[in-house]
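Working notes, structure below.
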Amino acid sequence: MGIKDWPEGEGPRDRLIKFGVSQLSDAEVLAVLLRNGSQGLNAVELARNLINEFGGLREVLVASQSQVCRLSGMGPVKFAQLRAAAELSSRVSAQNLKRGKILSDPDLTRDYLMRQLRDRAYEVFAILLLDSQHRVIQFVELFRGTIDSASVYPRDVVGLVLEKKAAAVIVCHNHPSGVAEPSQADRRITERLKCALATIDVSLLDHMVVGDREIVSFAERGWID
């Protein structure tokens, strides 16, 4: 039975308009994005199948095209709709941390870094550049691959900081394993960067490690003096 055949007002779009999006289930929200189902499945059933297959809404939105399109009822158009929704969320988060914004809310920083790095299949080492008033200058991805003391070069970090005239920085990287607990290599990298930045009178405010559902802050643990 297609959604168009449901009693008036019971479809997910009708319920969203009448009651607000917060009243919809995950499958109903996803069904609104998908717009229609496929042969034998209405949009809500198709959405429920996707969520069951991947384990949750976030997992659906970050799944690859090959993973999505191998499922019955899914094709390039529906994959594009899902990817566009994920990108909108990321861009809204980026807008909240746009250039010139004073970085005074730790939760905003965490949310931004989580959205930028959590779902990467590979390690990314990045830097958030700030001016003397802790206003955002730029977010830059510096290195990709295995992040260890041999692959993160303090001179490259220092060069970027000087180029952008930053007065303070927050460095961050993700753990694709999903476990945010920092390694001994992470701690060694942090110490090397702190010492290198001190030579140009720039403060290392924090090193944040992004996992699947949490971020570990070196500053909060007292590992950055």
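Just so we're on the same page: first chain in the structure tokens is A, next is B, and so on; residues restart at 1 for each chain, and ligands are numbered from 1 in the order they show up.
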DSSP-assigned alpha helix (DSSP H) members of segment 34-217 of chain A, reported as a PyMOL selection string: chain A and resi 34+43-54+57-62+65-69+76-96+106-117+154-164+184-198
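Excluding Glu59 of chain A itself and same-chain residues fewer than 6 positions from it, the residues having an atom within 12 Å of it are Leu50, Ile51, Asn52, Glu53, Gln67, Val68, Leu82, Arg83, Ala86, Arg118, Asp119, Arg120 and Asp212 of chain A, counting only C-alpha atoms.
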Dump as a PDB file, in the first residue's frame, selection limited to N, CA and C atoms:
ATOM      1  N   LEU A  50      16.535   0.644   4.942  1.00  0.00           N
ATOM      2  CA  LEU A  50      17.852   1.283   4.921  1.00  0.00           C
ATOM      3  C   LEU A  50      18.425   1.393   6.324  1.00  0.00           C
ATOM      4  N   ILE A  51      17.611   1.850   7.254  1.00  0.00           N
ATOM      5  CA  ILE A  51      18.079   2.018   8.636  1.00  0.00           C
ATOM      6  C   ILE A  51      18.467   0.673   9.235  1.00  0.00           C
ATOM      7  N   ASN A  52      17.674  -0.348   8.972  1.00  0.00           N
ATOM      8  CA  ASN A  52      17.994  -1.685   9.490  1.00  0.00           C
ATOM      9  C   ASN A  52      19.277  -2.222   8.872  1.00  0.00           C
ATOM     10  N   GLU A  53      19.469  -1.939   7.593  1.00  0.00           N
ATOM     11  CA  GLU A  53      20.652  -2.448   6.886  1.00  0.00           C
ATOM     12  C   GLU A  53      21.934  -1.812   7.403  1.00  0.00           C
ATOM     13  N   GLN A  67      27.370   0.907  -1.705  1.00  0.00           N
ATOM     14  CA  GLN A  67      26.661   0.273  -0.601  1.00  0.00           C
ATOM     15  C   GLN A  67      25.169   0.546  -0.666  1.00  0.00           C
ATOM     16  N   VAL A  68      24.812   1.780  -0.987  1.00  0.00           N
ATOM     17  CA  VAL A  68      23.395   2.163  -1.025  1.00  0.00           C
ATOM     18  C   VAL A  68      22.689   1.541  -2.230  1.00  0.00           C
ATOM     19  N   LEU A  82      20.204  11.504  -0.438  1.00  0.00           N
ATOM     20  CA  LEU A  82      20.780  11.232   0.881  1.00  0.00           C
ATOM     21  C   LEU A  82      22.077  12.008   1.083  1.00  0.00           C
ATOM     22  N   ARG A  83      22.930  12.007   0.063  1.00  0.00           N
ATOM     23  CA  ARG A  83      24.215  12.693   0.192  1.00  0.00           C
ATOM     24  C   ARG A  83      24.017  14.208   0.318  1.00  0.00           C
ATOM     25  N   ALA A  86      23.128  15.009   3.900  1.00  0.00           N
ATOM     26  CA  ALA A  86      24.307  14.961   4.760  1.00  0.00           C
ATOM     27  C   ALA A  86      25.170  16.200   4.575  1.00  0.00           C
ATOM     28  N   ARG A 118      34.331  12.717  11.969  1.00  0.00           N
ATOM     29  CA  ARG A 118      33.898  11.441  12.538  1.00  0.00           C
ATOM     30  C   ARG A 118      33.751  10.332  11.507  1.00  0.00           C
ATOM     31  N   ASP A 119      33.230  10.642  10.350  1.00  0.00           N
ATOM     32  CA  ASP A 119      32.881   9.593   9.394  1.00  0.00           C
ATOM     33  C   ASP A 119      33.947   9.343   8.332  1.00  0.00           C
ATOM     34  N   ARG A 120      35.140   9.896   8.519  1.00  0.00           N
ATOM     35  CA  ARG A 120      36.217   9.629   7.553  1.00  0.00           C
ATOM     36  C   ARG A 120      36.697   8.184   7.699  1.00  0.00           C
ATOM     37  N   ASP A 212      33.968   7.824  17.306  1.00  0.00           N
ATOM     38  CA  ASP A 212      32.657   7.642  16.691  1.00  0.00           C
ATOM     39  C   ASP A 212      31.580   8.445  17.416  1.00  0.00           C
TER      40      ASP A 212
END
As a list in words, please: every residue in segment 48-130 of chain A that DSSP puts in strand (DSSP E). Val124, Phe125, Ala126, Ile127, Leu128, Leu129 and Leu130 of chain A
Give me a file of those residues, with N, CA, C and O atoms, as a compact mmCIF listing (two decimals), in the first residue's frame.
# COMPACT_ATOMS: atom_id res chain seq x y z
N VAL A 124 42.70 11.83 9.53
CA VAL A 124 42.93 13.20 9.06
C VAL A 124 43.46 14.02 10.23
O VAL A 124 42.89 13.98 11.34
N PHE A 125 44.54 14.75 10.01
CA PHE A 125 45.08 15.67 11.01
C PHE A 125 44.78 17.08 10.52
O PHE A 125 45.12 17.44 9.40
N ALA A 126 44.11 17.86 11.36
CA ALA A 126 43.66 19.19 10.93
C ALA A 126 43.99 20.22 12.01
O ALA A 126 44.33 19.88 13.14
N ILE A 127 43.86 21.49 11.63
CA ILE A 127 44.19 22.57 12.54
C ILE A 127 43.14 23.67 12.41
O ILE A 127 42.72 24.02 11.30
N LEU A 128 42.70 24.18 13.53
CA LEU A 128 41.77 25.31 13.58
C LEU A 128 42.58 26.54 13.98
O LEU A 128 43.11 26.62 15.09
N LEU A 129 42.70 27.46 13.05
CA LEU A 129 43.54 28.65 13.25
C LEU A 129 42.71 29.79 13.83
O LEU A 129 41.62 30.10 13.33
N LEU A 130 43.24 30.44 14.88
CA LEU A 130 42.54 31.51 15.58
C LEU A 130 43.41 32.74 15.68
O LEU A 130 44.64 32.65 15.72
Would you list the contacts of segment 165-168 of chain A as a count of residues only, taking every protein, DNA or RNA residue within 6 Å and counting only C-alpha atoms, but skipping same-chain residues closer than 3 positions in sequence? 9
Could you state the separation of atom CA of Arg155 of chain A and atom CA of Met208 of chain A in Å, given to one decimal place?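 Computing it gives 20.0 Å between the two atoms.
Of note, atom CA of Gly75 of chain A and atom CA of Leu34 of chain A are spaced 10.9 Å apart.
In this structure, atom CA of Glu191 of chain A sits 11.1 Å away from atom CA of Asp206 of chain A.
Comparing the minimum interatomic distances between Ala63 of chain A and each of A:Asn36, A:Cys195, A:Glu141, A:Ala121, counting only C-alpha atoms, we find that A:Ala121 sits nearest.
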Got a sec: who's within 8 Å of segment 216-219 of chain A, counting only C-alpha atoms, leaving out chain neighbours fewer than 2 positions off, as a ChimeraX atom specification? /A:180-182,205-210,214,221-225
Output N, CA and C atoms of each residue in that selection to a file, as a PDB file, in the first residue's frame.
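Result went into part37.pdb, see below:
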ATOM      1  N   ALA A 180      38.085   7.020  20.696  1.00  0.00           N
ATOM      2  CA  ALA A 180      38.718   8.344  20.753  1.00  0.00           C
ATOM      3  C   ALA A 180      39.917   8.399  21.703  1.00  0.00           C
ATOM      4  N   GLU A 181      40.137   7.371  22.470  1.00  0.00           N
ATOM      5  CA  GLU A 181      41.213   7.416  23.468  1.00  0.00           C
ATOM      6  C   GLU A 181      42.568   7.685  22.795  1.00  0.00           C
ATOM      7  N   PRO A 182      43.272   8.757  23.205  1.00  0.00           N
ATOM      8  CA  PRO A 182      44.558   9.095  22.582  1.00  0.00           C
ATOM      9  C   PRO A 182      45.624   8.037  22.849  1.00  0.00           C
ATOM     10  N   LEU A 205      46.053  25.601  22.132  1.00  0.00           N
ATOM     11  CA  LEU A 205      44.967  25.589  23.110  1.00  0.00           C
ATOM     12  C   LEU A 205      44.478  24.190  23.431  1.00  0.00           C
ATOM     13  N   ASP A 206      44.503  23.310  22.429  1.00  0.00           N
ATOM     14  CA  ASP A 206      43.975  21.965  22.669  1.00  0.00           C
ATOM     15  C   ASP A 206      44.357  21.051  21.521  1.00  0.00           C
ATOM     16  N   HIS A 207      44.320  19.767  21.815  1.00  0.00           N
ATOM     17  CA  HIS A 207      44.382  18.726  20.801  1.00  0.00           C
ATOM     18  C   HIS A 207      43.175  17.844  21.055  1.00  0.00           C
ATOM     19  N   MET A 208      42.293  17.746  20.080  1.00  0.00           N
ATOM     20  CA  MET A 208      41.070  16.961  20.231  1.00  0.00           C
ATOM     21  C   MET A 208      41.132  15.732  19.337  1.00  0.00           C
ATOM     22  N   VAL A 209      40.784  14.586  19.910  1.00  0.00           N
ATOM     23  CA  VAL A 209      40.772  13.333  19.166  1.00  0.00           C
ATOM     24  C   VAL A 209      39.315  12.911  18.984  1.00  0.00           C
ATOM     25  N   VAL A 210      38.914  12.742  17.734  1.00  0.00           N
ATOM     26  CA  VAL A 210      37.525  12.470  17.385  1.00  0.00           C
ATOM     27  C   VAL A 210      37.317  10.975  17.184  1.00  0.00           C
ATOM     28  N   GLU A 214      32.379  10.277  20.616  1.00  0.00           N
ATOM     29  CA  GLU A 214      32.934  11.188  21.614  1.00  0.00           C
ATOM     30  C   GLU A 214      34.206  11.847  21.088  1.00  0.00           C
ATOM     31  N   ARG A 221      41.892  17.094  29.985  1.00  0.00           N
ATOM     32  CA  ARG A 221      42.601  16.099  30.783  1.00  0.00           C
ATOM     33  C   ARG A 221      43.848  16.654  31.462  1.00  0.00           C
ATOM     34  N   GLY A 222      44.124  17.925  31.219  1.00  0.00           N
ATOM     35  CA  GLY A 222      45.280  18.539  31.843  1.00  0.00           C
ATOM     36  C   GLY A 222      46.596  18.169  31.197  1.00  0.00           C
ATOM     37  N   TRP A 223      46.552  17.769  29.930  1.00  0.00           N
ATOM     38  CA  TRP A 223      47.779  17.358  29.238  1.00  0.00           C
ATOM     39  C   TRP A 223      48.422  18.498  28.465  1.00  0.00           C
ATOM     40  N   ILE A 224      47.775  19.663  28.441  1.00  0.00           N
ATOM     41  CA  ILE A 224      48.370  20.851  27.825  1.00  0.00           C
ATOM     42  C   ILE A 224      48.434  21.924  28.873  1.00  0.00           C
ATOM     43  N   ASP A 225      49.650  22.313  29.255  1.00  0.00           N
ATOM     44  CA  ASP A 225      49.796  23.321  30.315  1.00  0.00           C
ATOM     45  C   ASP A 225      49.555  24.726  29.778  1.00  0.00           C
TER      46      ASP A 225
END
Excluding Arg115 of chain A and any residue of its chain fewer than 4 positions from it, enumerate the residues within 12 Å of it, using only C-alpha atoms, and give them as an NGL selection string. :A and (58 or 62 or 86-94 or 96-97 or 108-111 or 119-120 or 174 or 210-215)
